Amino acid sequence: MDKAHRHEELEEEAAKPFGLMGYFLTPGELMHACEKLKNAGYKDFDAQTPFPVHGLEKAMGLPPSKMPWIVLACGATGLLSAIALTAFVSLDYPLVISGKPAFSYQAYIPVMFELTVLFSAFGAFFGMWGINRLPMFYHPSMKHPSFPRATDDAFFVTVEAKDPKYDASKTRKLLEELGAREIVEVTE
Amino acid sequence: MNPEPSIFTGGGRLIVVGVLAFLVGGIALVVGGVAHGRDAFYAYLSAYAWLVSLLVGGLIFLMIVHAMDAKWPVALRRVLEGVTGVLPLAVIGFIPIAVSVSTIYPWTSPSTIPDHEVQRLVEHKLPYLNTSSFFVRAFLYFGVWLGISYFLRRWSLRGDWAPAATDKPRFRALSALGLPPVALAFTFAGVDWLMSLTPAWYSTMFGVYWFAGGFLGALAFLVLATYGLQRAGMLTRVGSSHYYALGRLLLSFTIFWAYIAFFQFFLIWIVNKPHEASFYAPRMKEFASLSILVAAGRFVVPFFALLPYRIKQQPSTLAPIAIWILFMHWVDMEWLVMPSVRTRGPIVHWLDVAALVCVGGAALAFGTFRLRGRPIVPKNDPSLEDAFRYGSV
């Protein structure tokens with residue numbers, strides 16, 4: 001009973017719409033559609049293209065990425081930890097090397113630079129994973145029957161159901177007007 | 001107002017201001033020179049090194065643009081050609097240095113060097129460091145720079161009157177073949193004019209150091225000139241992407257300068273050989289405040305100022321940084337010259353500022369004058385449309 005109930009619940013959840021998907025055959029059409037969607041007040045929509053389309057993020061009205069701040073914070077952490085490390089090791093156990101005073105910071109600038117770069121690279125790498133919620137083994141947009149063409153010749157647009165302006169029939173009509181093909185409502 | 005905005009006709013006020021600055025600075029230099037003697041020549045050398053590195057930096061950027069067949073800088077190419085057009089003035093500007101060689105450079109009279117060891121080292125270098133070969137080499141440097149800038153400018157201007165003439169292969173060949181001699185001439189000029197102020201000292205990085213600063217200054221000037229022209233109603237199709245591209249170059253060459261500057265210092269500091277350290281010794285003692293200003297002003301401030309994306313995109317925020325970089329390049333030249341020659345200070349003399357005003361004013365007036373009556377863009381260049389349409393994120 002309990003098991004069946006959970007199964008039902010799962011099915012119910014699975015039936016929840018993720019959003020409407022359609023595709024275009026040229027980047028120009030996609031760009032135009034994204035601009036129209038943005039102007040119509042949609043916020044939660046996404047585009048999947050076979051190759052990077054320049055200017056698409058402007059057409060979609062995406063906010064600037066948060067990555068620079070993550071990388072800056074990580075780089076600053078790296079710099080500070082390098083200063084702390086070099087100061088600690090050279091003051092806690094002072095060694096006279098070629099007659100230089102203890103904690104000759106000049107010699108440690110390469111260390112500070114390297115740790116800044118290392119931490120920044122970690123920030124960029126793992127920050128990218130975090131922001132993109134990777135690893136992600138499955139995404140609802142894969143349910144569209146023609147989705148494999150997103151790696152070949154189709155330029156997909158997905159309007160997500162969580163968008164406050166989302167309305168299954170109105171959004172579908174808008175996409176149709178924009179010329180999207182094979183408009184399908186995919187589930188979560 | 002302006003019937004043909006593509007032709008550069010303005011700049012009258014710039015010429016007047018430039019000539020006035022030249023006269024005021026020049027008179028101050030002469031008057032100060034009578035009173036303070038050699039200080040005026042040192043001041044002039046530092047201002048002159050500032051100007052020449054900007055001009056050759058601009059020439060190298062122009063040649064890279066041609067050699068790489070780069071698209072977006074074509075929109076700003078005439079401005080660059082305006083910068084390299086000042087090079088003939090640099091030849092005239094060399095006269096005060098030529099006159100005062102024996103005043104400025106200690107290697108002209110090795111017998112007066114007090115330190116016996118240094119004296120022997122300088123005598124050993126005399127086959128290279130002597131007055132006549134100094135002049136022959138200066139002649140060669142100017143020959144290379146003037147020759148290449150002359151042809152690049154001439155072909156570019158000719159293209160304005162003869163449409164459909166495609167000089168591209170010619171531009172590319174001259175630029176690609178000319179870059180090594182121009183760079184070598186610049187390195188040797190740095191060795192001759194600046195490094196030999198401390199004749200026992202040498203650094204294989206010195207030419208690159210001077211170039212890094214000059215190239216950065218030339219880019220900063222390009223930002224300012226472009227912004228100025230836009231405010232005067234020209235170059236209207238140059239947009240945020242072009243500034244962003246220049247801003248990125250400014251940031252990367254700020255980092256490049258810091259890398260060169262630090263590692264030149266680092267290797268000498270860690271080895272600590274007396275003759276190598278002789279360059280840094282006064283700069284870490286009496287002139288330590290100037291060294292800190294150079295490190296902070298040339299790297300720390302512009303690095304953080306240029307990091308944000310929006311600052312690089314907007315000319316109104318990029319221009320103040322460009323002014324700062326140009327100013328700091330002059331401070332850097334002061335740092336190169338003064339601790340070697342004016343060992344007892346002061347760190348900055350009022351004559352130094354007078355020399356900067358004099359040299360800068362003359363260059364501004366001359367460059368503007370030579371640009372007048374020309375189209376402000378290479379209007380028949382096939383890449384011009386691409387250059388204007390250049391767009392980046």
# chains A, B, ... in the order shown; residues from 1 in each chain; ligands from 1

call {"tool": "interface_residues", "arguments": {"of": "chain A", "to": "chain B", "cutoff": "12 Å", "atoms": "only C-alpha atoms", "output": "PyMOL selection string"}}
result
chain A and resi 53-59+62+64-65+68-69+71-72+97-101+104-110+113

call {"tool": "select_by_dssp", "arguments": {"residues": "range 70-173 of chain A", "states": "strand (DSSP E)", "output": "list in words"}}
result
Phe155, Phe156, Val157, Thr158, Val159 and Glu160 of chain A

call {"tool": "residues_around", "arguments": {"residues": "Gly127 in chain A", "least_positions_apart": "3", "cutoff": "9 Å", "atoms": "only C-alpha atoms", "output": "compact mmCIF listing (two decimals) with all heavy atoms, in the first residue's frame"}}
result
# COMPACT_ATOMS: atom_id res chain seq x y z
N MET A 67 30.15 34.48 -11.75
CA MET A 67 31.47 33.85 -11.69
C MET A 67 32.61 34.80 -11.31
O MET A 67 33.44 34.44 -10.48
CB MET A 67 31.80 33.17 -13.03
CG MET A 67 31.15 31.84 -13.22
SD MET A 67 31.63 30.67 -11.96
CE MET A 67 33.30 30.36 -12.47
N ILE A 70 32.93 35.09 -7.61
CA ILE A 70 33.40 33.85 -6.98
C ILE A 70 34.91 33.73 -7.17
O ILE A 70 35.66 33.46 -6.22
CB ILE A 70 32.68 32.63 -7.60
CG1 ILE A 70 31.19 32.71 -7.30
CG2 ILE A 70 33.27 31.33 -7.08
CD1 ILE A 70 30.37 31.63 -7.97
N VAL A 71 35.36 34.00 -8.42
CA VAL A 71 36.79 33.86 -8.71
C VAL A 71 37.59 34.90 -7.93
O VAL A 71 38.64 34.60 -7.37
CB VAL A 71 37.04 33.99 -10.23
CG1 VAL A 71 38.53 33.97 -10.52
CG2 VAL A 71 36.35 32.86 -10.97
N PHE A 122 40.49 27.02 -8.94
CA PHE A 122 39.52 26.19 -8.22
C PHE A 122 38.16 26.88 -8.20
O PHE A 122 37.12 26.24 -8.42
CB PHE A 122 39.98 25.94 -6.78
CG PHE A 122 41.04 24.88 -6.65
CD1 PHE A 122 41.93 24.89 -5.60
CD2 PHE A 122 41.14 23.87 -7.60
CE1 PHE A 122 42.91 23.91 -5.48
CE2 PHE A 122 42.11 22.89 -7.49
CZ PHE A 122 43.00 22.92 -6.43
N GLY A 123 38.18 28.17 -7.90
CA GLY A 123 36.92 28.92 -7.85
C GLY A 123 36.21 28.87 -9.18
O GLY A 123 34.99 28.66 -9.24
N ALA A 124 36.97 29.04 -10.27
CA ALA A 124 36.35 29.04 -11.60
C ALA A 124 35.80 27.66 -11.92
O ALA A 124 34.67 27.51 -12.40
CB ALA A 124 37.37 29.47 -12.65
N GLY A 130 29.06 24.40 -9.65
CA GLY A 130 27.99 24.76 -8.72
C GLY A 130 26.89 25.55 -9.41
O GLY A 130 25.71 25.24 -9.26
N ILE A 131 27.29 26.55 -10.18
CA ILE A 131 26.29 27.40 -10.82
C ILE A 131 25.47 26.60 -11.83
O ILE A 131 24.26 26.78 -11.96
CB ILE A 131 26.99 28.62 -11.49
CG1 ILE A 131 27.38 29.62 -10.39
CG2 ILE A 131 26.08 29.30 -12.49
CD1 ILE A 131 28.04 30.85 -10.93
N ASN A 132 26.12 25.69 -12.53
CA ASN A 132 25.40 24.88 -13.52
C ASN A 132 24.79 23.63 -12.91
O ASN A 132 24.24 22.79 -13.61
CB ASN A 132 26.35 24.48 -14.65
CG ASN A 132 26.70 25.66 -15.51
OD1 ASN A 132 25.90 26.55 -15.69
ND2 ASN A 132 27.91 25.67 -16.03

call {"tool": "select_by_dssp", "arguments": {"residues": "chain A", "states": "alpha helix (DSSP H)", "output": "MDAnalysis selection string"}}
result
chainID A and resid 2:14 27:39 56:60 67:92 105:131 168:178

call {"tool": "residues_around", "arguments": {"residues": "Leu45 in chain B", "least_positions_apart": "4", "cutoff": "9 Å", "atoms": "only C-alpha atoms", "output": "ChimeraX atom specification"}}
result
/B:40-41,49-50,96-97,104,193-194,333,337,355

call {"tool": "residues_around", "arguments": {"residues": "Arg389 in chain B", "least_positions_apart": "4", "cutoff": "9 Å", "atoms": "only C-alpha atoms", "output": "number ranges by chain"}}
result
B: 72, 237-239, 384-385

call {"tool": "closest_residue", "arguments": {"among": "A:Lys66, A:Phe156, A:Glu176, A:Ala84", "to": "Met31 in chain A", "atoms": "only C-alpha atoms"}}
result
A:Phe156

call {"tool": "atom_distance", "arguments": {"atom1": "CA of Phe51 in chain A", "atom2": "CA of Arg133 in chain A"}}
result
20.8 Å

call {"tool": "residues_around", "arguments": {"residues": "Tyr141 in chain B", "least_positions_apart": "2", "cutoff": "10 Å", "atoms": "only C-alpha atoms", "output": "MDAnalysis selection string"}}
result
chainID B and resid 91 135:139 143:147 181:189

call {"tool": "write_last_selection", "arguments": {"atoms": "all heavy atoms", "output": "compact mmCIF listing (two decimals), in the first residue's frame"}}
result
# COMPACT_ATOMS: atom_id res chain seq x y z
N VAL B 91 62.94 63.16 -33.62
CA VAL B 91 64.31 63.32 -34.12
C VAL B 91 64.84 64.69 -33.70
O VAL B 91 65.96 64.82 -33.19
CB VAL B 91 64.35 63.18 -35.65
CG1 VAL B 91 65.77 63.28 -36.15
CG2 VAL B 91 63.75 61.85 -36.07
N PHE B 135 75.87 58.08 -31.39
CA PHE B 135 75.15 58.87 -32.40
C PHE B 135 74.81 58.03 -33.62
O PHE B 135 73.72 58.15 -34.18
CB PHE B 135 75.99 60.08 -32.81
CG PHE B 135 76.03 61.14 -31.76
CD1 PHE B 135 77.22 61.71 -31.36
CD2 PHE B 135 74.86 61.56 -31.16
CE1 PHE B 135 77.25 62.69 -30.38
CE2 PHE B 135 74.88 62.53 -30.18
CZ PHE B 135 76.08 63.10 -29.78
N VAL B 136 75.73 57.17 -34.03
CA VAL B 136 75.45 56.31 -35.19
C VAL B 136 74.25 55.43 -34.90
O VAL B 136 73.33 55.28 -35.72
CB VAL B 136 76.69 55.45 -35.54
CG1 VAL B 136 76.33 54.40 -36.58
CG2 VAL B 136 77.82 56.34 -36.04
N ARG B 137 74.21 54.86 -33.71
CA ARG B 137 73.10 53.97 -33.37
C ARG B 137 71.79 54.77 -33.29
O ARG B 137 70.76 54.32 -33.80
CB ARG B 137 73.38 53.25 -32.05
CG ARG B 137 74.38 52.12 -32.19
CD ARG B 137 74.32 51.21 -30.98
NE ARG B 137 74.52 51.96 -29.74
CZ ARG B 137 75.71 52.16 -29.19
NH1 ARG B 137 76.78 51.67 -29.75
NH2 ARG B 137 75.83 52.85 -28.08
N ALA B 138 71.83 55.95 -32.68
CA ALA B 138 70.61 56.76 -32.60
C ALA B 138 70.09 57.05 -34.01
O ALA B 138 68.88 56.97 -34.27
CB ALA B 138 70.89 58.05 -31.86
N PHE B 139 71.01 57.33 -34.91
CA PHE B 139 70.66 57.57 -36.31
C PHE B 139 69.95 56.35 -36.90
O PHE B 139 68.94 56.47 -37.58
CB PHE B 139 71.95 57.89 -37.07
CG PHE B 139 71.74 58.28 -38.49
CD1 PHE B 139 71.25 59.54 -38.83
CD2 PHE B 139 72.01 57.38 -39.51
CE1 PHE B 139 71.04 59.89 -40.14
CE2 PHE B 139 71.81 57.72 -40.83
CZ PHE B 139 71.33 58.98 -41.14
N GLY B 143 66.17 55.94 -38.16
CA GLY B 143 65.98 55.50 -39.54
C GLY B 143 64.95 54.39 -39.64
O GLY B 143 64.04 54.44 -40.48
N VAL B 144 65.06 53.40 -38.76
CA VAL B 144 64.11 52.27 -38.79
C VAL B 144 62.70 52.76 -38.48
O VAL B 144 61.74 52.49 -39.20
CB VAL B 144 64.57 51.19 -37.79
CG1 VAL B 144 63.52 50.12 -37.64
CG2 VAL B 144 65.88 50.58 -38.24
N TRP B 145 62.56 53.51 -37.38
CA TRP B 145 61.22 53.93 -36.95
C TRP B 145 60.58 54.85 -37.98
O TRP B 145 59.41 54.67 -38.36
CB TRP B 145 61.28 54.65 -35.60
CG TRP B 145 61.79 53.81 -34.48
CD1 TRP B 145 61.71 52.44 -34.40
CD2 TRP B 145 62.47 54.25 -33.31
NE1 TRP B 145 62.29 52.02 -33.24
CE2 TRP B 145 62.76 53.09 -32.54
CE3 TRP B 145 62.83 55.49 -32.81
CZ2 TRP B 145 63.41 53.15 -31.32
CZ3 TRP B 145 63.47 55.56 -31.58
CH2 TRP B 145 63.76 54.40 -30.85
N LEU B 146 61.36 55.84 -38.42
CA LEU B 146 60.79 56.82 -39.34
C LEU B 146 60.48 56.17 -40.68
O LEU B 146 59.43 56.42 -41.28
CB LEU B 146 61.76 57.96 -39.57
CG LEU B 146 61.81 59.03 -38.51
CD1 LEU B 146 62.82 60.08 -38.88
CD2 LEU B 146 60.44 59.66 -38.35
N GLY B 147 61.38 55.32 -41.15
CA GLY B 147 61.18 54.69 -42.45
C GLY B 147 59.88 53.90 -42.48
O GLY B 147 59.03 54.08 -43.36
N PRO B 181 63.16 44.49 -36.55
CA PRO B 181 64.08 45.63 -36.46
C PRO B 181 63.56 46.75 -35.57
O PRO B 181 64.35 47.35 -34.81
CB PRO B 181 64.21 46.13 -37.90
CG PRO B 181 63.57 45.14 -38.76
CD PRO B 181 62.84 44.15 -37.95
N VAL B 182 62.25 47.02 -35.61
CA VAL B 182 61.71 48.08 -34.76
C VAL B 182 61.90 47.72 -33.29
O VAL B 182 62.32 48.56 -32.47
CB VAL B 182 60.22 48.33 -35.08
CG1 VAL B 182 59.56 49.16 -33.99
CG2 VAL B 182 60.08 49.02 -36.42
N ALA B 183 61.62 46.46 -32.96
CA ALA B 183 61.75 46.03 -31.56
C ALA B 183 63.22 46.08 -31.13
O ALA B 183 63.53 46.52 -30.02
CB ALA B 183 61.18 44.63 -31.40
N LEU B 184 64.12 45.63 -32.02
CA LEU B 184 65.54 45.66 -31.68
C LEU B 184 66.02 47.09 -31.49
O LEU B 184 66.74 47.39 -30.53
CB LEU B 184 66.36 44.98 -32.78
CG LEU B 184 66.39 43.46 -32.72
CD1 LEU B 184 67.14 42.89 -33.91
CD2 LEU B 184 67.08 43.01 -31.42
N ALA B 185 65.60 47.97 -32.40
CA ALA B 185 66.00 49.37 -32.27
C ALA B 185 65.51 49.94 -30.95
O ALA B 185 66.22 50.68 -30.27
CB ALA B 185 65.44 50.18 -33.45
N PHE B 186 64.29 49.55 -30.56
CA PHE B 186 63.72 50.06 -29.32
C PHE B 186 64.51 49.56 -28.11
O PHE B 186 64.83 50.32 -27.19
CB PHE B 186 62.26 49.64 -29.23
CG PHE B 186 61.50 50.35 -28.16
CD1 PHE B 186 61.27 51.70 -28.24
CD2 PHE B 186 61.02 49.66 -27.06
CE1 PHE B 186 60.57 52.35 -27.26
CE2 PHE B 186 60.31 50.31 -26.08
CZ PHE B 186 60.09 51.66 -26.18
N THR B 187 64.85 48.26 -28.13
CA THR B 187 65.62 47.69 -27.03
C THR B 187 66.97 48.38 -26.91
O THR B 187 67.39 48.78 -25.81
CB THR B 187 65.85 46.19 -27.29
OG1 THR B 187 64.58 45.58 -27.44
CG2 THR B 187 66.58 45.54 -26.15
N PHE B 188 67.65 48.53 -28.06
CA PHE B 188 68.97 49.15 -28.01
C PHE B 188 68.88 50.62 -27.61
O PHE B 188 69.76 51.13 -26.92
CB PHE B 188 69.70 48.97 -29.34
CG PHE B 188 70.38 47.64 -29.45
CD1 PHE B 188 69.73 46.55 -29.98
CD2 PHE B 188 71.67 47.48 -28.98
CE1 PHE B 188 70.36 45.31 -30.06
CE2 PHE B 188 72.31 46.26 -29.05
CZ PHE B 188 71.65 45.16 -29.59
N ALA B 189 67.82 51.28 -28.04
CA ALA B 189 67.64 52.67 -27.64
C ALA B 189 67.48 52.74 -26.12
O ALA B 189 68.03 53.64 -25.47
CB ALA B 189 66.43 53.28 -28.33

call {"tool": "atom_distance", "arguments": {"atom1": "CA of Trp107 in chain B", "atom2": "CA of Ala295 in chain B"}}
result
29.2 Å

call {"tool": "residues_around", "arguments": {"residues": "Pro135 in chain A", "least_positions_apart": "6", "cutoff": "12 Å", "atoms": "only C-alpha atoms", "output": "ChimeraX atom specification"}}
result
/A:126,128-129

call {"tool": "write_last_selection", "arguments": {"atoms": "N, CA, C and O atoms", "output": "PDB file, in the first residue's frame"}}
result
ATOM      1  N   PHE A 126      35.133  24.850  -9.851  1.00  0.00           N
ATOM      2  CA  PHE A 126      34.044  24.338  -9.023  1.00  0.00           C
ATOM      3  C   PHE A 126      32.870  25.316  -8.986  1.00  0.00           C
ATOM      4  O   PHE A 126      31.724  24.892  -8.857  1.00  0.00           O
ATOM      5  N   MET A 128      31.829  26.971 -11.533  1.00  0.00           N
ATOM      6  CA  MET A 128      31.078  26.648 -12.741  1.00  0.00           C
ATOM      7  C   MET A 128      30.211  25.413 -12.501  1.00  0.00           C
ATOM      8  O   MET A 128      29.046  25.373 -12.869  1.00  0.00           O
ATOM      9  N   TRP A 129      30.780  24.408 -11.837  1.00  0.00           N
ATOM     10  CA  TRP A 129      29.991  23.205 -11.521  1.00  0.00           C
ATOM     11  C   TRP A 129      28.801  23.574 -10.647  1.00  0.00           C
ATOM     12  O   TRP A 129      27.690  23.105 -10.869  1.00  0.00           O
TER      13      TRP A 129
END

call {"tool": "closest_residue", "arguments": {"among": "B:Leu62, B:Val31, B:Met234, B:Leu197", "to": "Tyr105 in chain B", "atoms": "only C-alpha atoms"}}
result
B:Leu197

call {"tool": "atom_distance", "arguments": {"atom1": "CA of Ala150 in chain A", "atom2": "CA of Glu188 in chain A"}}
result
18.9 Å

call {"tool": "closest_residue", "arguments": {"among": "B:Gly159, B:Gly33, B:Gly217, B:Gly247", "to": "Lys379 in chain B", "atoms": "only C-alpha atoms"}}
result
B:Gly159

call {"tool": "closest_residue", "arguments": {"among": "B:Trp201, B:Phe151, B:Phe304, B:Tyr209", "to": "Gly178 in chain B", "atoms": "only C-alpha atoms"}}
result
B:Phe151
